[in-house]
Amino acid sequence: MQHRIVVLGAGYAGAIAAGRLAKRLRREDVAITLVNAEPDFVERVRMHQLASGQSLKPRPLRKMFAGTGVEVRVTRVTGVDVDRRTVAVVDTDGEEEIAYDTLVYALGSGWNAQGVPGTTEHAYEIASRPGALRLRKRLARLDAGQTVVVVGGGLTGLEAAAEIAEARPDLDVALAARGDLGDWLSPRGRAHLRKVFGKLGITVYEQAAVTAVEADRVATADGRVIPAAVTVWTAGFAVHPIAKQSALEVSGTGRIVVDETMRAVSHPDVYAVGDAALALGAGNKPLRMSCASGSPMAWQAADSIAARLTGGKLPKAPLRYFNQCISLGRREGVIQYVTADDRAVPAALTGRLAAVYKELVCKGAAWGVANPMLGVPTRRRRVVQERATAGSAVSAQPSA
């Protein structure tokens, strides 16, 4: 009987894990099911582009995984029972349970209102495609001279503000940052960021922690009131609550605690990748929620599952960072080089070349979903024990 591997979530991490497992294991030995609420793969790193009015290439999951042996199930996950090894799902046909032997949890994250009054009622988010499309429609209805305030000075906020300002130069675009603009970047990176924001006419409010959002304004902790016909909220992400509702060991923010192979420390037949997992990188620092973290986590999890099922060697590749890529519209960008544990170094690539670099990174990330072995020849191995559980005592131990 086939070993049942169920992957929850088809974002970057989940889709890469499913595809990589399909190339690591023999189809006769495993049944891989990829569960996702939407029929398409969503390039989350491009949601600011979608919101600003650009068109994105459709990527149907069933077409992407055709011929791979991965079964795509378009249905919404409502719960995980790690004791019974089942996943509850619901769609237009009703409720159902999907049984698994090994689970890969990759449900990711959504926007986080941070408990700020009025945010959920009045602000727009771009952490999801529905959210980006909703903002897109609202921006299209704005008249010249109206103000758009982007709350959040992280990567998403910077990219959203620049993209909207470039696409709609007739609008008054502002950014409210809790700290200083790009304060984590190198001096070169910060200088270029300020230069581009100045050229785009973006008003920057620094040291401006937003404490309330209303229909036509936002208020900050120091008493400032910033007019806003539209408020875009990018101040952080929150993981899907399903893991916290299960018996899995999670962090205070609901992320599944995993070991170096991405296996849940509390349940060895569950692996977690992407934003949903609390994994440690260089210097024992938690990996940040990002595509840059999710892809290598997916490689690590898939290779670990395959190794434990086939008696191979467990991967020992370190999880580390190399750079942070920031698009500032379609013609400008900043590539901030960083240490292994994600601290900025003096070197930074800026300007048009940085924009091209970031575009190649985005295209490469999408290509990596459809080509999870990154050019490595397919080498499917035989599962050494029928219905072996990838984290259980009965699975084969890694060979020396």
# chains A, B, ... in the order shown; residues from 1 in each chain; ligands from 1
$ residues_around --residues "Pro39 of chain A" --least-positions-apart "3" --cutoff "10 Å" --atoms "only C-alpha atoms" --output "ChimeraX atom specification"
/A:10,35-36,42,59-63,72-75
$ residues_around --residues "His122 of chain A" --least-positions-apart "2" --cutoff "8 Å" --atoms "only C-alpha atoms" --output "PyMOL selection string"
chain A and resi 118-120+124+213-215+231
$ select_by_dssp --residues "segment 314-378 of chain A" --states "alpha helix (DSSP H)" --output "PyMOL selection string"
chain A and resi 352-370
$ select_by_dssp --residues "segment 116-289 of chain A" --states "strand (DSSP E or B)" --output "count of residues only"
47
$ closest_residue --among "A:Arg26, A:Arg188, A:Lys199, A:His48" --to "Arg136 of chain A" --atoms "only C-alpha atoms"
A:His48
$ closest_residue --among "A:Val239, A:Val6, A:Ala340, A:Val273" --to "Ala88 of chain A" --atoms "only C-alpha atoms"
A:Val6
$ residues_around --residues "Arg381 of chain A" --least-positions-apart "2" --cutoff "7 Å" --atoms "only C-alpha atoms" --output "JSON, numbers by chain"
{"A": [24, 25, 26, 310, 379, 383]}
$ write_last_selection --atoms "N, CA and C atoms" --output "short mmCIF file (atom, residue, chain, number, x, y, z; two decimals), in the first residue's frame"
data_model
loop_
_atom_site.label_atom_id
_atom_site.label_comp_id
_atom_site.auth_asym_id
_atom_site.auth_seq_id
_atom_site.Cartn_x
_atom_site.Cartn_y
_atom_site.Cartn_z
N ARG A 24 11.70 12.78 -5.84
CA ARG A 24 12.58 12.00 -4.98
C ARG A 24 12.08 10.56 -4.79
N LEU A 25 10.77 10.35 -4.91
CA LEU A 25 10.18 9.06 -4.53
C LEU A 25 9.45 8.42 -5.71
N ARG A 26 9.42 7.10 -5.71
CA ARG A 26 8.74 6.36 -6.78
C ARG A 26 7.24 6.47 -6.65
N THR A 310 13.49 6.25 2.49
CA THR A 310 14.27 5.39 1.60
C THR A 310 15.58 4.91 2.21
N ARG A 379 15.72 11.57 -9.66
CA ARG A 379 16.25 10.29 -9.16
C ARG A 379 15.29 9.76 -8.09
N VAL A 383 10.77 3.39 -1.60
CA VAL A 383 10.47 3.38 -0.17
C VAL A 383 10.80 2.00 0.35
#
$ closest_residue --among "A:Glu166, A:Asp81, A:Asp269, A:Glu97" --to "Gln245 of chain A" --atoms "only C-alpha atoms"
A:Asp81
$ residues_around --residues "Ala365 of chain A" --least-positions-apart "3" --cutoff "9 Å" --atoms "only C-alpha atoms" --output "list in words"
Tyr12, Glu43, Cys291, Ser295, Leu360, Val361, Cys362, Gly368 and Val369 of chain A
$ closest_residue --among "A:Glu163, A:Asp216, A:Glu71, A:Asp341" --to "Gly201 of chain A" --atoms "only C-alpha atoms"
A:Glu163
$ atom_distance --atom1 "atom CA of Ile226 of chain A" --atom2 "atom CA of Leu181 of chain A"
17.1 Å
$ residues_around --residues "Val258 of chain A" --least-positions-apart "3" --cutoff "9 Å" --atoms "only C-alpha atoms" --output "PyMOL selection string"
chain A and resi 249-250+261-266+271-273+277-280
$ closest_residue --among "A:Ala221, A:Val77, A:Ala354, A:Leu21" --to "Ala106 of chain A" --atoms "only C-alpha atoms"
A:Val77
$ atom_distance --atom1 "atom CA of Gly311 of chain A" --atom2 "atom CA of Leu8 of chain A"
24.9 Å
